[in-house]
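Accompanying notes for the structure given below.
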Amino acid sequence: MNTGNRGVSALGASLVKLIVQACPGAAVSFLIGNRDAKPTRVVVNGQPRVIPVINFRASPRAHPREQLVAIMLATVLYRVLPFGPVRRALGRWVPWVRAVEEAVVIGDIRGGDSFSDIYGFRRFFLASLPVISVIWIKGSVVLFPQTYGPFKSARARWLASYILNRASTILCRDRVSVEEVGRLTGGRRQGRFCPDVAFALEPFHPDSPDIQPPLPAGRGEVLVGLNVNGLMYNGGYTRDNMFGLKLDYREFLVRLATAVLALPGTRLLLVPHTFAPDHSVESDPAACRELFDRLPSGLRDRVHRVAREYDQHEIKGVIGRCDFFVGSRMHSCIAALSQGIPTVGVAYSRKFVGVFESVGAEDWIVDGRTEETEAAVERILAMLHRREQIRPTLISRVESAKNELSSIFGAMFSGRREEASLNAAPRWENDRVRCETARERQASDA
């Protein structure tokens with residue numbers, strides 16, 4: 001929740017909202033890699049809620065109680081020494097072990113797209129260790145809606161298979177991931193489709209958003225939002241076209257912006273969705289400024305930039321001002337789609353297709369790995385002209401996605417077994433979560 005990536009923050013805030021709505025008595029905590037264990041704040045239905053944090057750190061200089069290697073060693077001891085006094089001692093010494101032991105349900109969402117080695121095996125491996133700790137202590141884990149794969153290495157596929165085969169629930173935010181789960185587990189496990197949880201995120205609309213230059217009052221122009229992905233702009237973490245794009249992303253942005261502004265009655269809003277320091281390869285604001293500087297001076301009076309940081313709710317509210325949106329950060333696209341805004345996703349991985357497909361917008365994808373720059377610009381301009389044709393269907397499909405999210409989380413956290421993939425009724429009698437409806441249902445079942 002302390003990351004500058006508003007997509008990741010949107011996942012965290014949305015999960016809390018869905019869980020609390022499904023089970024109002026739930027006590028929710030975040031088990032995350034973080035510098036400290038300070039509680040964090042999220043807003044649910046307009047009300048602030050303080051969420052305790054149980055943190056781990058990969059740094060060798062971290063305190064042993066929160067160092068990831070020490071947590072894994074404590075987990076091994078917990079598993080091989082099944083004696084009450086030993087386990088209680090481990091829980092007193094390592095907060096992570098105690099939190100995992102006491103929790104009724106523990107889920108992993110992995111940033112939405114990191115159950116994969118597309119960002120490198122090391123990142124996938126380190127993100128998997130806390131999940132393995134949960135499995136070794138609890139016996140299973142819930143995998144919240146995310147993308148599974150693709151995998152480039154055999155060792156990553158083996159590790160993914162190990163986790164998937166020990167998950168009690170596997171929710172997939174795209175149909176391709178459902179198939180991938182079956183392949184990785186040899187058909188032993190099945191995933192269930194579930195829309196991305198960020199469709200449930202509440203937008204907050206700042207009264208006077210810091211947009212420079214300010215948007216004119218009572219404007220009648222079409223406002224086109226353009227999210228500039230700093231990671232794609234800089235060639236990925238390796239800075240050498242890490243994602244194998246055929247699209248020249250930098251040139252594409254200039255050509256698209258110029259073509260949009262050549263249309264009468266249009267304005268362009270440059271929207272960052274990952275706020276990182278200017279020197280960071282991740283920085284969307286820095287990429288937005290550089291794009292602005294590259295545009296012809298005669299067009300810049302109709303180009304506007306989001307000039308300050310906003311949280312996940314607020315940036316969604318700012319995006320909500322747009323009439324049409326083009327995004328390369330997937331959760332910037334979800335922020336637009338979920339508000340009924342016709343949206344084009346400029347993709348660097350297959351995760352975009354499945355999420356857009358969930359709201360009937362699969363044809364509104366420009367795949368940067370296969371499309372040429374000029375063809376991509378032409379396609380987006382054609383979609384801009386057809387934006388009103390898709391809007392009614394989009395609004396209807398988004399509402400269905402939100403209802404499906406509520407239904408799936410309601411079933412999961414009420415203990416019902418509507419699907420074979422939701423096959424683990426939680427032990428609600430644990431003091432960690434109190435939900436009287438579920439208790440009564442379990443008593444009736446017994």
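In the structure tokens, the first chain shown is A, the next is B, and so on; residue numbers restart at 1 for each chain, and ligands run from 1 in the order shown.
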Discussion item. Would you pick out the contacts of Thr393 in chain A at 9 Å or less, using only C-alpha atoms, so that residues sharing its chain but fewer than 4 positions from it are not included, and give the list as a PyMOL selection string?
Written reply: chain A and resi 340+359-360+389+397-398
Can you list every residue of range 248-350 of chain A that has an atom at most 7 Å from range 363-386 of chain A, with its nearest atom pair and the distance in Å to one decimal, using only C-alpha atoms, ordered by chain then number, as CSV?
```
residue,atom,partner,partner_atom,distance
A:Asp248,CA,A:Thr373,CA,6.1
A:Phe252,CA,A:Thr373,CA,5.4
A:Leu256,CA,A:Val377,CA,5.5
A:Phe324,CA,A:Leu384,CA,6.9
A:Thr343,CA,A:Trp364,CA,7.0
A:Val344,CA,A:Trp364,CA,5.0
A:Gly345,CA,A:Ile365,CA,4.9
A:Val346,CA,A:Val366,CA,4.8
A:Ala347,CA,A:Asp367,CA,4.8
A:Tyr348,CA,A:Gly368,CA,5.6
```
Return as CSV the residues of range 314-346 of chain A lying at most 9 Å from range 200-203 of chain A, together with the closest atom-to-atom pair for each and the distance in Å to one decimal, counting only C-alpha atoms, with rows in chain order and ascending residue number.
```
residue,atom,partner,partner_atom,distance
A:Glu314,CA,A:Pro203,CA,6.1
A:Ile315,CA,A:Pro203,CA,7.8
A:Lys316,CA,A:Pro203,CA,5.2
A:Gly317,CA,A:Pro203,CA,4.7
A:Val318,CA,A:Pro203,CA,8.5
A:Gly320,CA,A:Pro203,CA,8.0
A:Ala335,CA,A:Leu201,CA,8.0
A:Ser338,CA,A:Ala200,CA,8.0
A:Gln339,CA,A:Pro203,CA,8.7
```
Discussion item. Which residue is closest to Leu268 in chain A? Choose from A:Phe413, A:Phe125, A:Phe292, A:Tyr249 and count only C-alpha atoms.
Written reply: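 Among the listed residues, A:Phe292 lies closest to Leu268 in chain A.
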Worksheet item: Rounded to one decimal in Å, what is the spacing between CA of Val303 in chain A and CA of Leu245 in chain A?
Response: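 Going from CA of Val303 in chain A over to CA of Leu245 in chain A covers 26.4 Å.
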